[in-house]
Structures are given as structure tokens and as C-alpha cells.
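> One structure, pasted below without further comment.
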Amino acid sequence: VTVPGEGQYEITYRYTTDGGTTWTDWSDELPVFTNVVDATVEFLVTPTGDAAGNYTPAHNTAKVVITPAPLVVKPADTEAFPAGDPLPGIGIVYEGLVEGDTLADVFTTEDTNGWHVVSTYDPTSGAGTYTNTVVTGAGTPVGTGDPTLTDPSEGEWNFGNYYLVPEPNEIEVGKKPIDIGNVPQVPGLDPEDPDIDTGVDPVVKVYDGDPTGLVVVVTSDKPGTDVPLVPGEDYEITWGVGDPNDPTTPPESFTGEEPEFVHAGTNVVWYVVEPKPGTDAEKTYTPATNYQYVVVLPRPLVIESASGEWKYDGAAHGTNGVSVVEGNLVGGDTLTTNDFATVTNVGTNDVARSLAWHYDVRKGGKVLKAFTASNEVCAAF
């Protein structure tokens, strides 16, 4: 209150905060307001001393209005997580508290009881953009509709000196690669290391006449469940055969036919595990590509050629028999003599034979290896 001119006077005040229904008593203490209020202050300036005879008292009123401050309520930011994972626990953030105020100055425990964050995301939704919102215990968004315990004023959720401003936020959820477990070793393998240093586990077996391929283990689950992905239903695998001398370069083409290997040798198999289009898996996972060695080790045998004895009769004599004395033939394979030498005159001779390993007809009768043997030969195939 400013009084122009000079003179002696005193000022007294009174105020009302309910539109004039009730007033405070007159006081010489200036009313000061901190919290939200709509007050009318009446003040009276009364001359005193020598001024009392020259002036009449002056009376006036003033408005003091403090409106609620906005208090933003929103879900806390979350770290990125891949599709298919459960929604992580998300807290609630409040922004806009006046310095010195705490949430306890704004809310009671009952006011915010049950408030939590919900999302349009769920583990079966797949990759995409989703919205997080703070809701009441009843599931209605905070700041909309009728609040549980406080009557809104003009549609706002007022809590004393603050009104709530709900602010949903968005989260980006990306895809993740399909998980591929380690390819298991085939049971009954030769324990010796095949001297292949590739950084990937090879499938190794000793030749047994049967076809050998990869066993690809997909360890990812159907989104939102503990049920493993189902081959053919959730994903498909395509295959290609690489170059053992350049194993890290993928082949030019992949097909749906899984390669199998029978004969001894080192092979590189590439495979792509790809989610099927239109499935929940396709919305959640990206394809996974890998390569692995398939090694068929030679089967060790000890063989012995047959011996024979004749009286000289001027004719040529020879034996073409051969037997396995250590190890065994498998898969219907046979060991036969292609050709053999003969003797006519008296004497003892080492007879050289050309032997061949014949595969069974299931694989076309392919010859693995030919070699020359004397009376006793140890050979590894």
C-alpha cells in the first residue's frame, strides 16, 4: 500500500478467501499468502497525530490470487529391450515441484495408492513403438475422468498447490536374433581332435556308412511363452555347402534341402534360421546365420593278405584273398582285390595287391581309396 505525500498514518488489514462470506479481524499485520488462494484484501489507512485533522481515512481493496502450479506425472524412461521380453518394471516420475516441496507435501498415501504404469506393449506384440501411461489402481489414466479421492476443478486434478498434467511417453522395441544353441556332438565319436581350429564346434564322427548332417538347435521361445519355437511353424532353415578352404565365405545359394555327408572328409555347412512371415516369431526375431564343420573321420582297419603254397608245375599261381584282422567293415561295405600278381618258379615272394574300398549301393558304389599291400598292411581309411 503506497500513501503519497507526507503525514502520519496507520494501516490495518483484513481479508476473505471465500468471496466475502467470512472475514478476518482487522490487524496491522500485512497478510502474506504462499499457497494457492483467491483472496480479497481490504485495507484502511487512518491519519494519526497532526494529520488526523487534515485527512479523512481512506479505504480500498485488492485481489491476491495464487493459482496451482502444473505437476507433470509420467512414466520413467526405460532402457531399450528386445521384443518378446516382458515389460520391465517402470516407475513414475513427477516434474515441476517448487523448490522445497516434496511429494509428501502434495499427496497423501491414499491419493496415489495403486498408481502404476501400463503399456500398449506386451511380449507378443513384436517390434514397434508403444505408449506407456500412468494409471490409477482402477486402471483409468491419471489426470483424466474423475479422480478417485479429489474432485476436479474445471477438469483438472487439483492437489492443493498443484494440478496434475499427465504425460505418456513412448518406447521403441526392436527385434532380436533367433538364438541358436551349440550344435551337439554326434554320440560315439572318435575322441581325437581332427585338428580343425575354426572357432566353431565341429560335428565329428568316424565313418560308419550312414549319412551325417547338422542338428540345429533353436533355443528361442514363442513370444510371451516358455514354449520353444517350432520348426516349420515358426521358422524355416535353408542350407548351403561352403568351401573348407574358405569357411567364412558363405555359399552363393541356399536351399531347403539339408546336406548330408557319408564319406570321409571335411565339409562346411552354412545355414540360415529365418522366422516365417506372418507369425509372432517374424514380428519378434531377426534371422540368424551360422556355419559349422561336419567332419567324417576315416575308419581304421588292419588287413592281411592271404598266403598260398604250391609245388612247381610250370603254371602261374597266386592268391587274391584279403581279410580284416583289426577293426570292422560297416554299412555293407566290402574289401575286394582289383588285381594280383602270380608266380611260376620256385621261391618265396611278396605278392602286391591293389585293393579298393567299395561303398554300398545307397551312395552309388563310390570308391574311396586304392592302395598296394604286401603280406600284412595297416591302413587307415
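Labels used: A, B, ... for chains in the order of the C-alpha cells, numbers from 1 for residues in each chain, and numbers from 1 for ligands as shown.
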From a DSSP pass on the backbone, collect the residues of range 92-324 of chain A flagged as helix (DSSP H, G or I) and hand them back as a VMD selection string.

chain A and resid 103 to 106 280 to 284

> Could you dump the residues just selected with all heavy atoms as a CSV table (one decimal), in the first residue's frame?


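Here's the written file selection_24.csv:
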```csv
chain,number,residue,atom,x,y,z
A,103,LEU,N,6.9,-34.7,-2.6
A,103,LEU,CA,5.7,-35.3,-2.9
A,103,LEU,C,4.8,-35.5,-1.7
A,103,LEU,O,3.5,-35.5,-1.8
A,103,LEU,CB,6.0,-36.7,-3.5
A,103,LEU,CG,6.6,-36.7,-4.9
A,103,LEU,CD1,6.8,-38.1,-5.4
A,103,LEU,CD2,5.7,-36.0,-5.9
A,104,ALA,N,5.4,-35.6,-0.5
A,104,ALA,CA,4.6,-35.7,0.7
A,104,ALA,C,3.8,-34.4,1.0
A,104,ALA,O,2.8,-34.5,1.7
A,104,ALA,CB,5.5,-36.1,1.9
A,105,ASP,N,4.3,-33.3,0.4
A,105,ASP,CA,3.5,-32.1,0.6
A,105,ASP,C,2.4,-32.0,-0.4
A,105,ASP,O,1.5,-31.1,-0.2
A,105,ASP,CB,4.5,-30.9,0.3
A,105,ASP,CG,5.6,-30.8,1.3
A,105,ASP,OD1,5.4,-31.1,2.5
A,105,ASP,OD2,6.8,-30.5,0.9
A,106,VAL,N,2.3,-32.8,-1.4
A,106,VAL,CA,1.3,-32.8,-2.4
A,106,VAL,C,0.3,-33.9,-2.2
A,106,VAL,O,-0.9,-33.6,-2.2
A,106,VAL,CB,1.9,-32.9,-3.8
A,106,VAL,CG1,0.9,-32.8,-4.9
A,106,VAL,CG2,3.0,-31.8,-4.0
A,280,ASP,N,4.1,-64.5,-35.1
A,280,ASP,CA,4.6,-63.7,-34.0
A,280,ASP,C,6.1,-63.8,-33.9
A,280,ASP,O,6.8,-62.8,-33.5
A,280,ASP,CB,4.1,-64.2,-32.6
A,280,ASP,CG,2.6,-63.9,-32.4
A,280,ASP,OD1,2.1,-63.0,-33.1
A,280,ASP,OD2,1.9,-64.5,-31.5
A,281,ALA,N,6.7,-64.9,-34.3
A,281,ALA,CA,8.2,-65.0,-34.4
A,281,ALA,C,8.7,-64.0,-35.4
A,281,ALA,O,9.8,-63.4,-35.1
A,281,ALA,CB,8.6,-66.4,-34.8
A,282,GLU,N,8.1,-63.8,-36.5
A,282,GLU,CA,8.6,-62.8,-37.5
A,282,GLU,C,8.5,-61.4,-37.0
A,282,GLU,O,9.4,-60.6,-37.3
A,282,GLU,CB,7.7,-63.0,-38.8
A,282,GLU,CG,8.3,-62.3,-40.0
A,282,GLU,CD,7.8,-60.8,-40.1
A,282,GLU,OE1,6.8,-60.5,-39.6
A,282,GLU,OE2,8.5,-60.0,-40.8
A,283,LYS,N,7.6,-61.1,-36.1
A,283,LYS,CA,7.5,-59.8,-35.5
A,283,LYS,C,8.5,-59.6,-34.4
A,283,LYS,O,8.7,-58.4,-34.0
A,283,LYS,CB,6.1,-59.5,-34.9
A,283,LYS,CG,5.0,-59.5,-36.0
A,283,LYS,CD,3.6,-59.1,-35.3
A,283,LYS,CE,3.1,-60.2,-34.3
A,283,LYS,NZ,1.8,-59.8,-33.8
A,284,THR,N,9.1,-60.6,-33.9
A,284,THR,CA,10.0,-60.6,-32.8
A,284,THR,C,11.4,-60.8,-33.1
A,284,THR,O,12.3,-60.2,-32.5
A,284,THR,CB,9.5,-61.6,-31.7
A,284,THR,OG1,8.1,-61.3,-31.4
A,284,THR,CG2,10.3,-61.5,-30.4
```

> Write out as a PyMOL selection string which residues come within 6 Å of range 32-47 of chain A when counting only C-alpha atoms, dropping same-chain ones fewer than 2 positions away.

chain A and resi 8-17+51-52+57-68+161

> Taking only C-alpha atoms into account, which of A:Thr279, A:Thr56, A:Gln292, A:Thr249 comes nearest Pro202 in chain A?

A:Gln292

> Nearest to Thr289 in chain A among A:Leu97, A:Val165, A:Val268, A:Ile180, with distances taken over only C-alpha atoms: which residue is it?

A:Ile180

> Among range 103-339 of chain A, which residues carry a DSSP assignment of strand (DSSP E or B), reported as JSON, numbers by chain?

{"A": [116, 117, 118, 119, 128, 129, 130, 131, 132, 133, 134, 135, 141, 153, 156, 157, 158, 159, 162, 163, 164, 165, 166, 169, 170, 171, 172, 173, 174, 176, 177, 180, 203, 204, 205, 206, 212, 218, 221, 228, 231, 235, 236, 237, 238, 239, 240, 241, 242, 243, 246, 255, 261, 265, 266, 267, 268, 269, 270, 271, 272, 273, 274, 275, 285, 286, 288, 289, 290, 291, 292, 293, 294, 295, 296, 297, 300, 301, 302, 303, 304, 305, 317, 322, 323, 324, 325, 326, 334, 335, 336, 337, 338, 339]}

> Residues within 6 Å of range 79-92 of chain A, please, as a short mmCIF file (atom, residue, chain, number, x, y, z; two decimals) with N, CA, C and O atoms, in the first residue's frame. Count only C-alpha atoms; anything in the same chain fewer than 4 positions from it doesn't count.


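The resulting file, out36.cif, is reproduced below:
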```
data_model
loop_
_atom_site.label_atom_id
_atom_site.label_comp_id
_atom_site.auth_asym_id
_atom_site.auth_seq_id
_atom_site.Cartn_x
_atom_site.Cartn_y
_atom_site.Cartn_z
N LYS A 74 4.49 -38.73 -15.20
CA LYS A 74 4.75 -39.52 -16.41
C LYS A 74 5.53 -40.78 -16.05
O LYS A 74 6.14 -40.87 -14.98
N PRO A 75 5.50 -41.77 -16.94
CA PRO A 75 6.31 -42.97 -16.71
C PRO A 75 7.80 -42.64 -16.81
O PRO A 75 8.21 -41.77 -17.58
N PRO A 123 4.56 -58.92 -24.59
CA PRO A 123 5.61 -59.73 -25.21
C PRO A 123 5.23 -60.34 -26.56
O PRO A 123 6.11 -60.74 -27.31
N GLY A 126 5.56 -57.86 -30.65
CA GLY A 126 6.60 -57.72 -31.65
C GLY A 126 7.27 -56.36 -31.57
O GLY A 126 6.99 -55.55 -30.68
N ALA A 127 8.16 -56.09 -32.52
CA ALA A 127 8.88 -54.83 -32.54
C ALA A 127 7.95 -53.69 -32.96
O ALA A 127 7.00 -53.89 -33.71
N VAL A 173 10.74 -50.66 -29.30
CA VAL A 173 11.11 -52.05 -29.05
C VAL A 173 11.60 -52.66 -30.36
O VAL A 173 10.88 -52.61 -31.37
N GLY A 174 12.81 -53.18 -30.34
CA GLY A 174 13.38 -53.75 -31.57
C GLY A 174 13.37 -55.27 -31.57
O GLY A 174 13.09 -55.91 -30.56
N LYS A 175 13.66 -55.83 -32.71
CA LYS A 175 13.74 -57.28 -32.83
C LYS A 175 15.06 -57.79 -32.26
O LYS A 175 16.00 -57.03 -32.05
N LYS A 176 15.12 -59.10 -32.03
CA LYS A 176 16.35 -59.73 -31.56
C LYS A 176 16.61 -60.96 -32.41
O LYS A 176 15.68 -61.57 -32.96
N PRO A 223 7.02 -65.93 -28.59
CA PRO A 223 6.94 -64.68 -27.83
C PRO A 223 5.91 -64.76 -26.70
O PRO A 223 4.78 -65.20 -26.90
N GLY A 224 6.35 -64.34 -25.51
CA GLY A 224 5.46 -64.29 -24.35
C GLY A 224 5.21 -65.63 -23.69
O GLY A 224 4.35 -65.72 -22.81
N THR A 284 9.10 -60.64 -33.94
CA THR A 284 9.97 -60.57 -32.76
C THR A 284 11.44 -60.82 -33.06
O THR A 284 12.32 -60.21 -32.45
#
```

> Hey, can you check how far CA of Val296 in chain A sits from CA of Ala264 in chain A?

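For CA of Val296 in chain A relative to CA of Ala264 in chain A, the distance reads 4.5 Å.
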
> So which residues touch Asn169 in chain A within 10 Å, counting only C-alpha atoms, skipping near sequence neighbours fewer than 5 positions away, as a PyMOL selection string?

chain A and resi 74-77+119+130-134
